[in-house]
Amino acid sequence: MTTQPEIKFTQLFIDGQFVDSASGKKFAVVNPSTGKKLCEVAEGDKADVDKAVEAARRAFKLGSTWRTMDASNRGRLICKLADLIERDAEYLAALETLNNGKPLAEAQFDMVCAINCLRYYAGWADKIHGQTIPADGNIFVVTRKEPVGVVGQIIPWNYPVLMCTWKFGPALAAGCTVVLKPAEQTPLTALYLAQLSVEAGFPPGVINVINGFGETAGVALTNHQNVQKIAFTGSTEVGKIIMETAAKSNLKRVSLELGGKSPIVVFPDVDLDTAVTTCYNAIFANMGQCCCAGSRTFVHEDIYDEFVKKATAMAAARKVGNPFDEGVEQGPQVSEEQHNKILELLESGKAQGASVTCGGKKWGSEGYFIEPTVFADVTDDMRIAKEEIFGPVQTILKFRTMEELIERANNTSYGLAAGVLTNDINTALTFAQAVEAGSVWVNCYDATMPQTPFGGFKMSGQGRELGEEGLHHYLEVKTITIAIPQKNS
Amino acid sequence: MAPEIKFTKLFINGQFVDSQSGKTFPVVNPSTGKVICQVSEGDKADIDLAVEAANEAFKLDSTWRTMDASARGRLMEKLAGLMERDMHYLAQLETYNNGKPLKDAVFDIYGAIYALKYYAGWADKIHGQSIPADGNVFVVTRKEPVGVAGQIIPWNFPILMLAWKWGPALATGCTVVMKPAEQTPLTALYMAHLTIEAGFPPGVINVVNGFGATAGAALASHERVQKIAFTGSTAVGKLIMEAAAKSNLKRVSLELGGKSPIVVFPDVDLDKAVQTCHNAVFANMGQCCCAGTRTFVHESIYDQFVEKATELARKRKLGDPFGEVDQGPQVSELQFNRIMALIEAGKKEGAGLKVGGQRHGPEGYFIEPTVFVDVQDDMRIAKEEIFGPVQQIMKFSTMEEVIKRANDTHYGLAAGILTNDINRALTFSQAVNAGTVWVNCFLHVTAQAPFGGFKQSGIGREMGEEGIHSYLEMKTVTISMSKF
């Protein structure tokens with residue numbers, strides 16, 4: 001098992017080739033376990049985005065290889081890419097852990113999920129159906145679902161490979177061409193995937209990868225007149241800017257996967273240890289860097305004290321350390337900026353009167369580690385109950401009735417996910433119907449598969465990824481109405 | 001002769017009320033330029049009240065949220081039935097306020113009735129799915145109403161646009177705050193009155209008259225509106241989306257402008273082709289987002305086409321929309337001036353003016369049916385949406401060339417092709433960047449077929465099954481089957 005995977009690709013990937021940025025500039029990529037520089041990668045800006053969009057446009061032209069190939073053939077190419085990821089999974093996982101800091105076992109799991117996602121969408125490519133429609137009049141009406149065009153995709157640093165495949169999957173299945181800007185913190189695995197796309201046989205220009213920063217490359221992509229759609233995963237704050245920029249430029253279609261402050265609710269009729277474990281995983285997975293993390297743990301008053309005790313013990317036992325080491329459950333946060341942001345929120349929790357039952361501080365002497373932290377006696381008005389922390393910080397709140405709970409669960413401008421732990425069917429379905437969340441988990445959490453649509457209500461996003469629904473935003477409906485002499489049903 | 005104006009206030013929470021400010025604004029008869037009446041002018045305070053009422057009606061356990069989906073459909077059928085009953089009055093009111101010939105208003109109202117009936121049928125057929133997901137899980141999706149929907153509609157088809165908006169919103173179970181165009185609020189207010197009679201719970205439908213910059217902006221920016229649907233100009237569409245982004249990321253659907261090409265090949269009956277192209281641009285005084293405003297004619301039939309098109313335009317009967325006419329006035333002085341300015345640009349830039357080009361009559365906002373020929377792609381009249389009775393005729397040689405020229409625009413609402421050759425028809429249909437492609441017809445819009453724009457002609461689709469999509473929010477419910 002390698003702990004120092006070789007970094008092979010550090011340039012931009014445009015029109016099937018690795019090239020330097022137009023400016024020649026580069027920026028540093030950091031190892032969050034040590035805080036030290038790993039390498040430099042090419043820094044793309046507007047000029048590079050322009051080149052990439054132009055290449056994507058050419059690849060999308062009527063009559064091009066990509067536009068004229070069978071839909072099933074697109075599916076086969078996506079499958080080939082999945083196979084290559086599988087072949088190189090060990091290397092990719094190590095590279096992911098090196099750059100992102102997640103424990104190696106989790107990076108390996110991400111690879112499996114990424115492969116499954118691509119294979120799922122490969123299957124959709126030749127099953128995207130328009131309809132014939134019994135419209136009024138002597139007409140023959142058919143709809144086509146056409147690829148929307150060149151799509152810009154901006155992905156985050158928390159699941160670099162997985163987010164890349166969540167974006168590539170539906171876009172390529174639908175027949176779009178892609179310009180992807182990976183997070184500046186974690187570009188390395190995206191660049192390796194770009195190389196795999198060459199080996200898989202994708203025509204040049206179908207997939208392009210531009211490393212760079214949000215304010216430069218990201219903005220250029222979002223603003224571009226020749227990009228028909230932008231898909232963004234990241235913070236709600238930036239999501240708003242993306243939508244605004246899309247509106248002001250060319251009304252490009254927008255889909256957003258943003259932040260969350262998802263409630264996970266524990267009723268007293270469940271096995272307490274299982275509940276504590278589910279809630280623990282819901283918040284601490286991926287160093288808490290998960291948009292749908294269960295970051296408000298609502299526990300029924302009857303079991304509250306016992307729950308807090310067990311949750312505290314579990315968090316205290318969580319093994320933090322070098323993500324390459326066997327048995328380590330938690331690595332560093334991804335960056336110094338994230339690290340400091342989380343610490344600031346921890347301080348606010350203390351200042352506002354929550355009880356720290358475990359953790360609450362930085363961990364270790366180098367890198368961006370934080371102690372697994374549990375806050376009890378949290379009230380709804382505290383910052384730690386309202387703001388997305390994106391760190392290993394569990395906040396436990398007490399509730400009494402379903403009515404109260406539903407109101408409190410929905411009292412947020414977020415709406416990404418929610419969970420309920422109960423064996424009572426009425427409780428489960430009442431909550432599932434009432435909560436304003438795109439994914440509701442019952443007696444489980446974070447159960448997201450390629451088949452299940454995922455996305456936010458309210459300010460947690462617009463549109464859905466995964467599932468059949470995930471294709472929707474990559475398609476443009478065309479209605480063809482042909483006059484005929486006489487229609488019959 | 002003029003229909004009685006019965007409702008002039010705002011409609012909030014099931015009642016007609018004055019605006020909070022007490023302000024009113026005039027509604028004008030475009031045939032004469034004279035004021036018909038004053039209506040209440042809503043602003044942010046009124047929008048707040050309406051949104052509050054709509055949110056209240058949307059609360060969990062409300063009448064609207066707990067009624068059977070089929071019951072929603074029945075209410076919509078009831079409303080359509082009342083429109084049928086009051087068809088005569090509604091048509092007169094529409095013609096009085098908008099200026100379209102009475103027979104066109106009647107046609108519009110039928111369109112509106114069919115749209116409501118169509119969506120009434122969808123109400124209890126909005127399906128989520130059960131999904132064979134990986135793992136020991138039971139997964140279903142629900143398609144829930146997105147919430148309070150803000151709807152801003154234009155003045156060109158007031159009652160039809162209202163039905164296109166209410167249909168999918170009510171079928172899905174949303175509640176509505178609608179701002180009709182300030183030029184044409186009267187039929188919307190009458191429809192609001194009919195919703196009481198139909199039996200819609202208070203707060204489900206609200207109508208706030210007012211201006212875009214005030215009431216419209218307040219609606220687009222409202223923190224407690226989950227979705228905004230807008231039909232109007234591309235310029236305002238961008239502002240709406242921007243306001244939605246900056247406020248609460250409300251979902252946006254837009255039906256905007258167009259500069260739609262209609263292409264005539266030489267293998268068709270020339271008279272029929274000329275008539276189709278004539279109707280394509282002159283219908284509704286040219287005030288149609290999907291009007292065929294770039295008429296591409298094959299060089300081999302160009303001169304004959306021009307002659308016949310000119311003749312048809314010359315014969316088009318202009319006058320009092322309550323009379324036996326083909327064409328009434330443009331909707332407002334502002335529109336009139338815009339169109340005349342573009343006609344002037346056409347003359348200045350060297351297009352050949354065959355007929356029309358001037359104001360008609362001493363009062364109101366009438367413009368003569370106008371035909372420009374030898375139009376070049378770079379002229380303003382070939383690029384900008386005129387929204388008036390002005391036909392642009394351009395010459396082309398090959399399919400490859402016409403596809404390129406047809407697509408050379410930021411718009412993408414509709415396109416038409418007249419040919420009997422199946423290969424031409426399908427090649428063009430595939431290649432053109434337009435949400436609706438008409439073959440051997442034009443402006444054939446039905447409740448069943450999705451309608452909307454590629455590129456800057458809009459986002460999302462209205463009508464058909466697809467029209468429901470933007471009023472729904474998908475929820476995935478994943479239940480673990482493992483013993484807990």
# chains A, B, ... in the order shown; residues from 1 in each chain; ligands from 1
$ interface_residues --of "chain B" --to "chain A" --cutoff "7 Å" --atoms "only C-alpha atoms" --output "MDAnalysis selection string"
chainID B and resid 131 133:134 238 241:242 245:246 248:249 251 429 434:441 446 448:450 456 459 474:480 484
$ select_by_dssp --residues "region 101-187 of chain B" --states "strand (DSSP E)" --output "PDB file with N, CA and C atoms, in the first residue's frame"
ATOM      1  N   SER B 130     -40.779   4.212  -6.792  1.00  0.00           N
ATOM      2  CA  SER B 130     -40.019   3.359  -5.889  1.00  0.00           C
ATOM      3  C   SER B 130     -38.787   2.963  -6.704  1.00  0.00           C
ATOM      4  N   ILE B 131     -37.661   2.899  -6.046  1.00  0.00           N
ATOM      5  CA  ILE B 131     -36.386   2.809  -6.753  1.00  0.00           C
ATOM      6  C   ILE B 131     -35.570   1.625  -6.257  1.00  0.00           C
ATOM      7  N   VAL B 137     -32.467  -1.374   1.638  1.00  0.00           N
ATOM      8  CA  VAL B 137     -33.262  -0.168   1.822  1.00  0.00           C
ATOM      9  C   VAL B 137     -34.524  -0.203   0.979  1.00  0.00           C
ATOM     10  N   PHE B 138     -35.498   0.539   1.399  1.00  0.00           N
ATOM     11  CA  PHE B 138     -36.740   0.740   0.675  1.00  0.00           C
ATOM     12  C   PHE B 138     -36.757   2.217   0.312  1.00  0.00           C
ATOM     13  N   VAL B 139     -36.705   2.504  -0.979  1.00  0.00           N
ATOM     14  CA  VAL B 139     -36.542   3.899  -1.386  1.00  0.00           C
ATOM     15  C   VAL B 139     -37.725   4.362  -2.216  1.00  0.00           C
ATOM     16  N   VAL B 140     -38.314   5.478  -1.820  1.00  0.00           N
ATOM     17  CA  VAL B 140     -39.352   6.096  -2.647  1.00  0.00           C
ATOM     18  C   VAL B 140     -39.021   7.575  -2.831  1.00  0.00           C
ATOM     19  N   THR B 141     -39.501   8.128  -3.943  1.00  0.00           N
ATOM     20  CA  THR B 141     -39.411   9.580  -4.091  1.00  0.00           C
ATOM     21  C   THR B 141     -40.816  10.146  -4.035  1.00  0.00           C
ATOM     22  N   ARG B 142     -40.936  11.312  -3.448  1.00  0.00           N
ATOM     23  CA  ARG B 142     -42.199  12.048  -3.469  1.00  0.00           C
ATOM     24  C   ARG B 142     -41.978  13.284  -4.315  1.00  0.00           C
ATOM     25  N   LYS B 143     -42.987  13.673  -5.086  1.00  0.00           N
ATOM     26  CA  LYS B 143     -42.911  14.945  -5.809  1.00  0.00           C
ATOM     27  C   LYS B 143     -43.863  15.898  -5.105  1.00  0.00           C
ATOM     28  N   GLU B 144     -43.260  16.741  -4.280  1.00  0.00           N
ATOM     29  CA  GLU B 144     -44.072  17.629  -3.438  1.00  0.00           C
ATOM     30  C   GLU B 144     -44.231  18.995  -4.108  1.00  0.00           C
ATOM     31  N   PRO B 145     -45.315  19.701  -3.809  1.00  0.00           N
ATOM     32  CA  PRO B 145     -45.425  21.068  -4.334  1.00  0.00           C
ATOM     33  C   PRO B 145     -44.288  21.908  -3.775  1.00  0.00           C
ATOM     34  N   VAL B 148     -44.960  28.339  -2.161  1.00  0.00           N
ATOM     35  CA  VAL B 148     -45.603  29.540  -2.681  1.00  0.00           C
ATOM     36  C   VAL B 148     -44.913  29.909  -3.989  1.00  0.00           C
ATOM     37  N   ALA B 149     -45.717  30.022  -5.062  1.00  0.00           N
ATOM     38  CA  ALA B 149     -45.139  30.355  -6.361  1.00  0.00           C
ATOM     39  C   ALA B 149     -45.522  31.781  -6.730  1.00  0.00           C
ATOM     40  N   GLY B 150     -44.533  32.601  -7.005  1.00  0.00           N
ATOM     41  CA  GLY B 150     -44.778  33.937  -7.546  1.00  0.00           C
ATOM     42  C   GLY B 150     -44.902  33.813  -9.048  1.00  0.00           C
ATOM     43  N   GLN B 151     -45.893  34.480  -9.627  1.00  0.00           N
ATOM     44  CA  GLN B 151     -46.090  34.377 -11.072  1.00  0.00           C
ATOM     45  C   GLN B 151     -46.306  35.765 -11.667  1.00  0.00           C
ATOM     46  N   ILE B 152     -45.463  36.092 -12.614  1.00  0.00           N
ATOM     47  CA  ILE B 152     -45.538  37.413 -13.256  1.00  0.00           C
ATOM     48  C   ILE B 152     -45.823  37.177 -14.735  1.00  0.00           C
ATOM     49  N   THR B 175     -49.368  27.195  -3.840  1.00  0.00           N
ATOM     50  CA  THR B 175     -50.243  28.357  -3.717  1.00  0.00           C
ATOM     51  C   THR B 175     -49.581  29.482  -4.499  1.00  0.00           C
ATOM     52  N   VAL B 176     -50.392  30.458  -4.880  1.00  0.00           N
ATOM     53  CA  VAL B 176     -49.940  31.392  -5.917  1.00  0.00           C
ATOM     54  C   VAL B 176     -50.097  32.853  -5.513  1.00  0.00           C
ATOM     55  N   VAL B 177     -49.078  33.652  -5.829  1.00  0.00           N
ATOM     56  CA  VAL B 177     -49.238  35.105  -5.812  1.00  0.00           C
ATOM     57  C   VAL B 177     -48.914  35.581  -7.226  1.00  0.00           C
ATOM     58  N   MET B 178     -49.938  36.076  -7.900  1.00  0.00           N
ATOM     59  CA  MET B 178     -49.749  36.475  -9.301  1.00  0.00           C
ATOM     60  C   MET B 178     -49.743  37.975  -9.445  1.00  0.00           C
ATOM     61  N   LYS B 179     -48.792  38.493 -10.241  1.00  0.00           N
ATOM     62  CA  LYS B 179     -48.834  39.895 -10.609  1.00  0.00           C
ATOM     63  C   LYS B 179     -49.104  39.964 -12.101  1.00  0.00           C
TER      64      LYS B 179
END
$ atom_distance --atom1 "CA of His278 (chain B)" --atom2 "CA of Ile343 (chain B)"
17.5 Å
$ closest_residue --among "B:Gly128, B:Gly210, B:Gly216, B:Pro266" --to "Asp421 (chain B)" --atoms "only C-alpha atoms"
B:Pro266
$ closest_residue --among "A:Trp124, A:Trp157, A:Phe390, A:Phe202" --to "Thr97 (chain A)" --atoms "only C-alpha atoms"
A:Trp157
$ residues_around --residues "Asn100 (chain A)" --least-positions-apart "3" --cutoff "7 Å" --atoms "only C-alpha atoms" --output "list of chain:residue names"
A:Pro32, A:Glu96, A:Thr97, A:Thr186, A:Val334
$ write_last_selection --atoms "N, CA and C atoms" --output "short mmCIF file (atom, residue, chain, number, x, y, z; two decimals), in the first residue's frame"
data_model
loop_
_atom_site.label_atom_id
_atom_site.label_comp_id
_atom_site.auth_asym_id
_atom_site.auth_seq_id
_atom_site.Cartn_x
_atom_site.Cartn_y
_atom_site.Cartn_z
N PRO A 32 -2.79 18.36 3.84
CA PRO A 32 -3.40 18.87 5.07
C PRO A 32 -2.96 18.13 6.32
N GLU A 96 -5.87 10.55 -3.31
CA GLU A 96 -6.97 11.28 -2.68
C GLU A 96 -6.66 11.56 -1.20
N THR A 97 -6.17 10.54 -0.52
CA THR A 97 -5.85 10.69 0.90
C THR A 97 -4.70 11.67 1.10
N THR A 186 -7.90 20.62 -4.01
CA THR A 186 -7.77 19.19 -4.35
C THR A 186 -7.90 18.91 -5.84
N VAL A 334 -9.45 19.90 5.68
CA VAL A 334 -8.76 20.01 4.39
C VAL A 334 -7.77 21.17 4.29
#
$ select_by_dssp --residues "region 103-210 of chain B" --states "helix (DSSP H, G or I)" --output "CSV table (one decimal) with C-alpha atoms, in the first residue's frame"
chain,number,residue,atom,x,y,z
B,103,LYS,CA,-62.6,36.4,-32.2
B,104,ASP,CA,-59.0,36.1,-31.1
B,105,ALA,CA,-60.0,36.8,-27.5
B,106,VAL,CA,-62.6,34.1,-27.8
B,107,PHE,CA,-60.0,31.7,-29.1
B,108,ASP,CA,-57.6,32.6,-26.3
B,109,ILE,CA,-60.3,31.9,-23.7
B,110,TYR,CA,-60.9,28.5,-25.1
B,111,GLY,CA,-57.1,28.0,-24.9
B,112,ALA,CA,-57.2,29.0,-21.3
B,113,ILE,CA,-60.1,26.7,-20.5
B,114,TYR,CA,-58.4,23.8,-22.2
B,115,ALA,CA,-55.2,24.5,-20.3
B,116,LEU,CA,-57.0,24.5,-17.0
B,117,LYS,CA,-58.8,21.3,-17.9
B,118,TYR,CA,-55.6,19.7,-19.1
B,119,TYR,CA,-53.9,20.4,-15.8
B,120,ALA,CA,-56.9,19.5,-13.7
B,121,GLY,CA,-56.4,16.0,-15.1
B,122,TRP,CA,-52.8,15.9,-14.0
B,123,ALA,CA,-53.5,16.7,-10.3
B,124,ASP,CA,-53.8,13.1,-9.1
B,125,LYS,CA,-51.3,11.6,-11.6
B,158,PRO,CA,-53.5,38.1,-20.4
B,159,ILE,CA,-56.0,35.4,-19.7
B,160,LEU,CA,-54.2,32.6,-21.6
B,161,MET,CA,-51.0,33.4,-19.7
B,162,LEU,CA,-52.9,33.3,-16.4
B,163,ALA,CA,-54.2,29.8,-17.2
B,164,TRP,CA,-50.8,28.6,-18.3
B,165,LYS,CA,-49.4,29.7,-14.9
B,166,TRP,CA,-52.3,28.6,-12.6
B,167,GLY,CA,-52.7,25.3,-14.3
B,168,PRO,CA,-49.5,23.5,-13.3
B,169,ALA,CA,-49.2,25.4,-10.0
B,170,LEU,CA,-52.6,24.4,-8.7
B,171,ALA,CA,-52.4,20.9,-10.1
B,172,THR,CA,-49.2,20.3,-8.1
B,186,LEU,CA,-58.8,43.4,-15.7
B,187,THR,CA,-59.4,39.8,-16.8
B,188,ALA,CA,-57.0,38.5,-14.0
B,189,LEU,CA,-59.1,40.2,-11.4
B,190,TYR,CA,-62.3,38.7,-12.8
B,191,MET,CA,-60.7,35.3,-12.8
B,192,ALA,CA,-59.8,35.9,-9.1
B,193,HIS,CA,-63.4,36.5,-8.4
B,194,LEU,CA,-64.3,33.2,-10.2
B,195,THR,CA,-61.9,31.3,-7.9
B,196,ILE,CA,-64.1,32.2,-4.9
B,197,GLU,CA,-67.1,30.9,-6.7
B,198,ALA,CA,-65.2,27.8,-7.7
$ residues_around --residues "Ile396 (chain A)" --least-positions-apart "4" --cutoff "8 Å" --atoms "only C-alpha atoms" --output "PyMOL selection string"
chain A and resi 296-299+308+374-378
$ write_last_selection --atoms "all heavy atoms" --output "tab-separated table (two decimals), in the first residue's frame"
chain	number	residue	atom	x	y	z
A	296	ARG	N	-27.46	18.48	13.48
A	296	ARG	CA	-28.31	18.83	14.62
A	296	ARG	C	-28.92	17.52	15.09
A	296	ARG	O	-29.79	16.96	14.43
A	296	ARG	CB	-29.42	19.80	14.20
A	296	ARG	CG	-28.97	21.23	13.92
A	296	ARG	CD	-30.14	22.14	13.63
A	296	ARG	NE	-30.78	21.83	12.36
A	296	ARG	CZ	-32.07	22.11	12.09
A	296	ARG	NH1	-32.83	22.70	13.00
A	296	ARG	NH2	-32.57	21.82	10.90
A	297	THR	N	-28.42	17.04	16.22
A	297	THR	CA	-28.88	15.75	16.74
A	297	THR	C	-29.98	16.02	17.76
A	297	THR	O	-29.71	16.48	18.87
A	297	THR	CB	-27.72	14.97	17.37
A	297	THR	OG1	-26.62	14.96	16.45
A	297	THR	CG2	-28.13	13.55	17.70
A	298	PHE	N	-31.22	15.75	17.37
A	298	PHE	CA	-32.36	15.97	18.27
A	298	PHE	C	-32.66	14.66	19.00
A	298	PHE	O	-33.00	13.66	18.37
A	298	PHE	CB	-33.60	16.38	17.48
A	298	PHE	CG	-33.55	17.80	16.97
A	298	PHE	CD1	-33.14	18.08	15.67
A	298	PHE	CD2	-33.94	18.85	17.78
A	298	PHE	CE1	-33.10	19.38	15.20
A	298	PHE	CE2	-33.91	20.17	17.31
A	298	PHE	CZ	-33.49	20.44	16.02
A	299	VAL	N	-32.56	14.68	20.30
A	299	VAL	CA	-32.78	13.46	21.08
A	299	VAL	C	-33.97	13.67	22.01
A	299	VAL	O	-34.07	14.70	22.69
A	299	VAL	CB	-31.52	13.10	21.89
A	299	VAL	CG1	-31.75	11.85	22.73
A	299	VAL	CG2	-30.32	12.90	20.95
A	308	VAL	N	-26.37	11.34	25.58
A	308	VAL	CA	-25.21	12.23	25.64
A	308	VAL	C	-23.99	11.50	26.18
A	308	VAL	O	-22.87	11.62	25.67
A	308	VAL	CB	-25.53	13.49	26.49
A	308	VAL	CG1	-24.25	14.26	26.79
A	308	VAL	CG2	-26.52	14.37	25.76
A	374	VAL	N	-18.08	17.11	21.11
A	374	VAL	CA	-19.51	16.96	21.36
A	374	VAL	C	-19.98	18.13	22.20
A	374	VAL	O	-19.42	18.41	23.26
A	374	VAL	CB	-19.82	15.64	22.09
A	374	VAL	CG1	-21.31	15.55	22.40
A	374	VAL	CG2	-19.39	14.45	21.24
A	375	PHE	N	-21.02	18.80	21.74
A	375	PHE	CA	-21.69	19.83	22.52
A	375	PHE	C	-23.06	19.30	22.96
A	375	PHE	O	-23.82	18.79	22.14
A	375	PHE	CB	-21.95	21.09	21.68
A	375	PHE	CG	-20.78	22.02	21.53
A	375	PHE	CD1	-20.10	22.11	20.33
A	375	PHE	CD2	-20.37	22.82	22.59
A	375	PHE	CE1	-19.02	22.98	20.18
A	375	PHE	CE2	-19.29	23.70	22.45
A	375	PHE	CZ	-18.61	23.78	21.24
A	376	ALA	N	-23.36	19.41	24.25
A	376	ALA	CA	-24.69	19.04	24.73
A	376	ALA	C	-25.41	20.30	25.22
A	376	ALA	O	-24.80	21.37	25.29
A	376	ALA	CB	-24.57	18.02	25.87
A	377	ASP	N	-26.68	20.16	25.53
A	377	ASP	CA	-27.50	21.29	25.99
A	377	ASP	C	-27.44	22.43	25.00
A	377	ASP	O	-27.30	23.61	25.37
A	377	ASP	CB	-27.04	21.77	27.38
A	377	ASP	CG	-27.03	20.62	28.38
A	377	ASP	OD1	-27.98	19.81	28.33
A	377	ASP	OD2	-26.08	20.51	29.17
A	378	VAL	N	-27.51	22.06	23.74
A	378	VAL	CA	-27.48	23.09	22.70
A	378	VAL	C	-28.91	23.60	22.50
A	378	VAL	O	-29.86	22.81	22.47
A	378	VAL	CB	-26.95	22.49	21.37
A	378	VAL	CG1	-26.97	23.54	20.26
A	378	VAL	CG2	-25.52	21.96	21.57
$ residues_around --residues "Glu371 (chain A)" --least-positions-apart "2" --cutoff "7 Å" --atoms "only C-alpha atoms" --output "PDB file with N, CA and C atoms, in the first residue's frame"
ATOM      1  N   GLY A 359     -13.677  16.945  23.589  1.00  0.00           N
ATOM      2  CA  GLY A 359     -12.981  17.692  22.539  1.00  0.00           C
ATOM      3  C   GLY A 359     -13.061  19.194  22.709  1.00  0.00           C
ATOM      4  N   GLY A 360     -13.168  19.901  21.584  1.00  0.00           N
ATOM      5  CA  GLY A 360     -13.324  21.352  21.624  1.00  0.00           C
ATOM      6  C   GLY A 360     -12.093  22.126  21.245  1.00  0.00           C
ATOM      7  N   LYS A 361     -11.019  21.405  20.824  1.00  0.00           N
ATOM      8  CA  LYS A 361      -9.767  22.109  20.534  1.00  0.00           C
ATOM      9  C   LYS A 361      -9.098  21.530  19.297  1.00  0.00           C
ATOM     10  N   LYS A 362      -8.056  22.198  18.891  1.00  0.00           N
ATOM     11  CA  LYS A 362      -7.149  21.699  17.866  1.00  0.00           C
ATOM     12  C   LYS A 362      -6.506  20.400  18.385  1.00  0.00           C
ATOM     13  N   TRP A 363      -6.068  19.541  17.444  1.00  0.00           N
ATOM     14  CA  TRP A 363      -5.401  18.279  17.803  1.00  0.00           C
ATOM     15  C   TRP A 363      -4.043  18.242  17.143  1.00  0.00           C
ATOM     16  N   PHE A 369      -5.659  19.286  12.147  1.00  0.00           N
ATOM     17  CA  PHE A 369      -6.498  18.339  12.879  1.00  0.00           C
ATOM     18  C   PHE A 369      -7.321  19.033  13.963  1.00  0.00           C
ATOM     19  N   THR A 373     -15.531  16.533  18.693  1.00  0.00           N
ATOM     20  CA  THR A 373     -16.125  17.389  19.717  1.00  0.00           C
ATOM     21  C   THR A 373     -17.614  17.110  19.863  1.00  0.00           C
TER      22      THR A 373
END
$ residues_around --residues "Leu334 (chain B)" --least-positions-apart "6" --cutoff "12 Å" --atoms "only C-alpha atoms" --output "compact mmCIF listing (two decimals) with N, CA and C atoms, in the first residue's frame"
# COMPACT_ATOMS: atom_id res chain seq x y z
N PRO B 30 -56.33 50.54 -25.53
CA PRO B 30 -55.34 50.85 -26.56
C PRO B 30 -55.96 51.22 -27.91
N GLY B 33 -56.64 55.03 -26.62
CA GLY B 33 -55.67 55.73 -25.78
C GLY B 33 -56.30 56.32 -24.53
N GLN B 183 -50.48 46.71 -17.74
CA GLN B 183 -51.30 47.18 -18.85
C GLN B 183 -52.65 46.46 -18.87
N MET B 340 -42.27 51.52 -33.91
CA MET B 340 -42.04 52.54 -34.94
C MET B 340 -40.55 52.85 -35.05
N ALA B 341 -39.85 52.87 -33.91
CA ALA B 341 -38.40 53.13 -33.95
C ALA B 341 -37.68 52.04 -34.72
N GLY B 364 -55.54 55.88 -30.61
CA GLY B 364 -55.09 54.53 -30.27
C GLY B 364 -53.71 54.25 -30.83
N TYR B 365 -53.28 52.97 -30.73
CA TYR B 365 -51.90 52.61 -31.05
C TYR B 365 -51.81 51.64 -32.23
N PHE B 387 -41.85 42.77 -31.87
CA PHE B 387 -43.13 42.61 -31.16
C PHE B 387 -44.21 43.51 -31.78
N GLY B 388 -44.18 43.54 -33.09
CA GLY B 388 -45.20 44.32 -33.79
C GLY B 388 -45.51 43.68 -35.13
$ closest_residue --among "A:Asn410, A:Ser33, A:Gln352, A:Asn281" --to "Arg383 (chain A)" --atoms "only C-alpha atoms"
A:Gln352
$ residues_around --residues "region 8-21 of chain A" --least-positions-apart "2" --cutoff "9 Å" --atoms "only C-alpha atoms" --output "PyMOL selection string"
chain A and resi 6+23-26+39-45+47-48+51-56+59+179+187-189+191-192+194-195+197-198+202-211
$ atom_distance --atom1 "CA of Lys167 (chain A)" --atom2 "CA of Ile155 (chain A)"
8.2 Å
$ closest_residue --among "B:Val204, B:Val35, B:Phe16, B:Ser221" --to "Ala53 (chain B)" --atoms "only C-alpha atoms"
B:Val204
$ atom_distance --atom1 "CA of Arg294 (chain B)" --atom2 "CA of Phe451 (chain B)"
19.4 Å
